[in-house]
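A quick write-up on the structure given underneath.
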Amino acid sequence: QVQLVESGGGLVQRGGSLRLSCTASGIIANNYPMSWHRQIPGKERELVARVPGLEGGDTNYANSVKGRFTISRDNVKNTVYLQMNSLKAEDTAVYYCAVEIVKGHYYWGRGTQVTVPS
């Protein structure tokens, strides 16, 4: 059974940093594309960052986070991270980790709240 557990969210001041973690179980995370998404109430979930699996390819970021956020893996810990720097109020959202085991089909974590007061 695939499980993803996020952690690391919280309240941080504008300009601050947070690191989100997503630990996978039931799969070898390195084999698959993994991604971070975020959602604000009343809006659609949006892709924040994606790192490829064994199929290779580029790491992708939303334009709004390029240069501020970095996605990375720790294959020993079966964990994906999202380092978020220079946080803005508009980064406030619930952040979700996802793994794409079958193309177009995602397993999701439960999410972790990030709040950056304006």
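Simple scheme: letters A, B, ... for chains in structure tokens order, numbers from 1 for residues in each chain, numbers from 1 for ligands in the order shown.
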
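Every protein or nucleic acid residue with an atom no more than 8 Å from A:Ile71, counting only C-alpha atoms and leaving out same-chain residues fewer than 4 positions away, appears here: Ala49, Arg50, Val51, Val80, Tyr81, Leu82 and Gln83 of chain A.
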
- Query: Near A:Gln13, counting only C-alpha atoms, which residues have an atom at most 12 Å away, once you skip same-chain residues fewer than 2 positions from it, shown as a PyMOL selection string?
  - Reply: chain A and resi 10-11+15-18+85-92+114-118

N, CA and C atoms of the current selection, written as a PDB file, in the first residue's frame:
```pdb
ATOM      1  N   GLY A  10       4.063  24.999   8.685  1.00  0.00           N
ATOM      2  CA  GLY A  10       3.936  25.834   9.862  1.00  0.00           C
ATOM      3  C   GLY A  10       3.749  27.280   9.499  1.00  0.00           C
ATOM      4  N   LEU A  11       3.912  28.122  10.511  1.00  0.00           N
ATOM      5  CA  LEU A  11       3.769  29.566  10.367  1.00  0.00           C
ATOM      6  C   LEU A  11       5.164  30.168  10.271  1.00  0.00           C
ATOM      7  N   GLY A  15       9.678  36.319   3.960  1.00  0.00           N
ATOM      8  CA  GLY A  15      11.119  36.285   3.776  1.00  0.00           C
ATOM      9  C   GLY A  15      11.796  35.111   4.444  1.00  0.00           C
ATOM     10  N   GLY A  16      11.043  34.362   5.237  1.00  0.00           N
ATOM     11  CA  GLY A  16      11.601  33.222   5.939  1.00  0.00           C
ATOM     12  C   GLY A  16      11.665  31.973   5.083  1.00  0.00           C
ATOM     13  N   SER A  17      12.064  30.873   5.723  1.00  0.00           N
ATOM     14  CA  SER A  17      12.249  29.601   5.026  1.00  0.00           C
ATOM     15  C   SER A  17      11.580  28.462   5.781  1.00  0.00           C
ATOM     16  N   LEU A  18      11.189  27.461   5.027  1.00  0.00           N
ATOM     17  CA  LEU A  18      10.681  26.203   5.577  1.00  0.00           C
ATOM     18  C   LEU A  18      11.163  25.086   4.679  1.00  0.00           C
ATOM     19  N   ASN A  85      12.386  29.095   0.275  1.00  0.00           N
ATOM     20  CA  ASN A  85      13.058  30.288   0.770  1.00  0.00           C
ATOM     21  C   ASN A  85      12.326  31.544   0.308  1.00  0.00           C
ATOM     22  N   SER A  86      12.642  32.644   0.937  1.00  0.00           N
ATOM     23  CA  SER A  86      12.052  33.945   0.574  1.00  0.00           C
ATOM     24  C   SER A  86      10.533  33.851   0.461  1.00  0.00           C
ATOM     25  N   LEU A  87       9.934  33.270   1.476  1.00  0.00           N
ATOM     26  CA  LEU A  87       8.489  33.008   1.430  1.00  0.00           C
ATOM     27  C   LEU A  87       7.688  34.297   1.397  1.00  0.00           C
ATOM     28  N   LYS A  88       6.581  34.224   0.656  1.00  0.00           N
ATOM     29  CA  LYS A  88       5.673  35.357   0.487  1.00  0.00           C
ATOM     30  C   LYS A  88       4.294  34.983   1.016  1.00  0.00           C
ATOM     31  N   ALA A  89       3.479  35.997   1.258  1.00  0.00           N
ATOM     32  CA  ALA A  89       2.122  35.732   1.737  1.00  0.00           C
ATOM     33  C   ALA A  89       1.349  34.859   0.745  1.00  0.00           C
ATOM     34  N   GLU A  90       1.614  35.056  -0.531  1.00  0.00           N
ATOM     35  CA  GLU A  90       0.897  34.272  -1.551  1.00  0.00           C
ATOM     36  C   GLU A  90       1.343  32.816  -1.628  1.00  0.00           C
ATOM     37  N   ASP A  91       2.343  32.445  -0.849  1.00  0.00           N
ATOM     38  CA  ASP A  91       2.728  31.037  -0.750  1.00  0.00           C
ATOM     39  C   ASP A  91       1.875  30.289   0.273  1.00  0.00           C
ATOM     40  N   THR A  92       1.046  31.006   1.002  1.00  0.00           N
ATOM     41  CA  THR A  92       0.166  30.386   1.988  1.00  0.00           C
ATOM     42  C   THR A  92      -0.788  29.412   1.301  1.00  0.00           C
ATOM     43  N   VAL A 114       1.040  25.566   5.204  1.00  0.00           N
ATOM     44  CA  VAL A 114       2.073  26.594   5.268  1.00  0.00           C
ATOM     45  C   VAL A 114       1.370  27.944   5.309  1.00  0.00           C
ATOM     46  N   THR A 115       1.703  28.738   6.312  1.00  0.00           N
ATOM     47  CA  THR A 115       1.073  30.043   6.467  1.00  0.00           C
ATOM     48  C   THR A 115       2.148  31.116   6.561  1.00  0.00           C
ATOM     49  N   VAL A 116       2.038  32.117   5.684  1.00  0.00           N
ATOM     50  CA  VAL A 116       2.947  33.257   5.677  1.00  0.00           C
ATOM     51  C   VAL A 116       2.077  34.499   5.821  1.00  0.00           C
ATOM     52  N   PRO A 117       2.000  35.077   7.003  1.00  0.00           N
ATOM     53  CA  PRO A 117       1.112  36.224   7.219  1.00  0.00           C
ATOM     54  C   PRO A 117       1.516  37.418   6.347  1.00  0.00           C
ATOM     55  N   SER A 118       0.504  38.138   5.899  1.00  0.00           N
ATOM     56  CA  SER A 118       0.792  39.326   5.072  1.00  0.00           C
ATOM     57  C   SER A 118       1.070  40.539   5.927  1.00  0.00           C
TER      58      SER A 118
END
```

- Query: Quick one: of A:Arg19, A:Ala24, A:Arg45, A:Gly67, who's nearest to A:Val5, counting only C-alpha atoms?
  - Reply: A:Ala24

- Query: Which residues in stretch 9-57 of chain A does DSSP call strand (DSSP E)? List them as a list in words.
  - Reply: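 Secondary structure check on stretch 9-57 of chain A, strand (DSSP E): Gly10, Leu11, Leu18, Arg19, Leu20, Ser21, Cys22, Thr23, Ala24, Ser25, Met34, Ser35, Trp36, His37, Arg38, Gln39, Glu46, Leu47, Val48, Ala49, Arg50 and Val51 of chain A.
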
- Selected residue, from A:Val76, A:Cys97, A:Ile27, A:Val12, that lies nearest to A:Leu47 when counting only C-alpha atoms: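 Closest candidate: A:Cys97.
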
- Leaving out A:Asn75 and any residue of its chain fewer than 3 positions from it, which residues lie within 10 Å of it when counting only C-alpha atoms, given as a PyMOL selection string? chain A and resi 28-31+72+78-80

Keeping only C-alpha atoms, take the residues you just selected and write them out as a PDB file, in the first residue's frame.
```pdb
ATOM      1  CA  ILE A  28      10.763   2.873  -3.888  1.00  0.00           C
ATOM      2  CA  ALA A  29      10.216   6.575  -4.319  1.00  0.00           C
ATOM      3  CA  ASN A  30      13.302   7.082  -6.476  1.00  0.00           C
ATOM      4  CA  ASN A  31      11.720   4.993  -9.237  1.00  0.00           C
ATOM      5  CA  SER A  72      15.237  17.229  -3.852  1.00  0.00           C
ATOM      6  CA  ASN A  78      12.805   7.372   0.628  1.00  0.00           C
ATOM      7  CA  THR A  79      11.960  11.029   1.098  1.00  0.00           C
ATOM      8  CA  VAL A  80      11.383  14.064  -1.099  1.00  0.00           C
TER       9      VAL A  80
END
```

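For chain A, backbone-based DSSP labels the following residues as helix (DSSP H, G or I): Ala29, Asn30, Asn31, Ala89, Glu90 and Asp91 of chain A.
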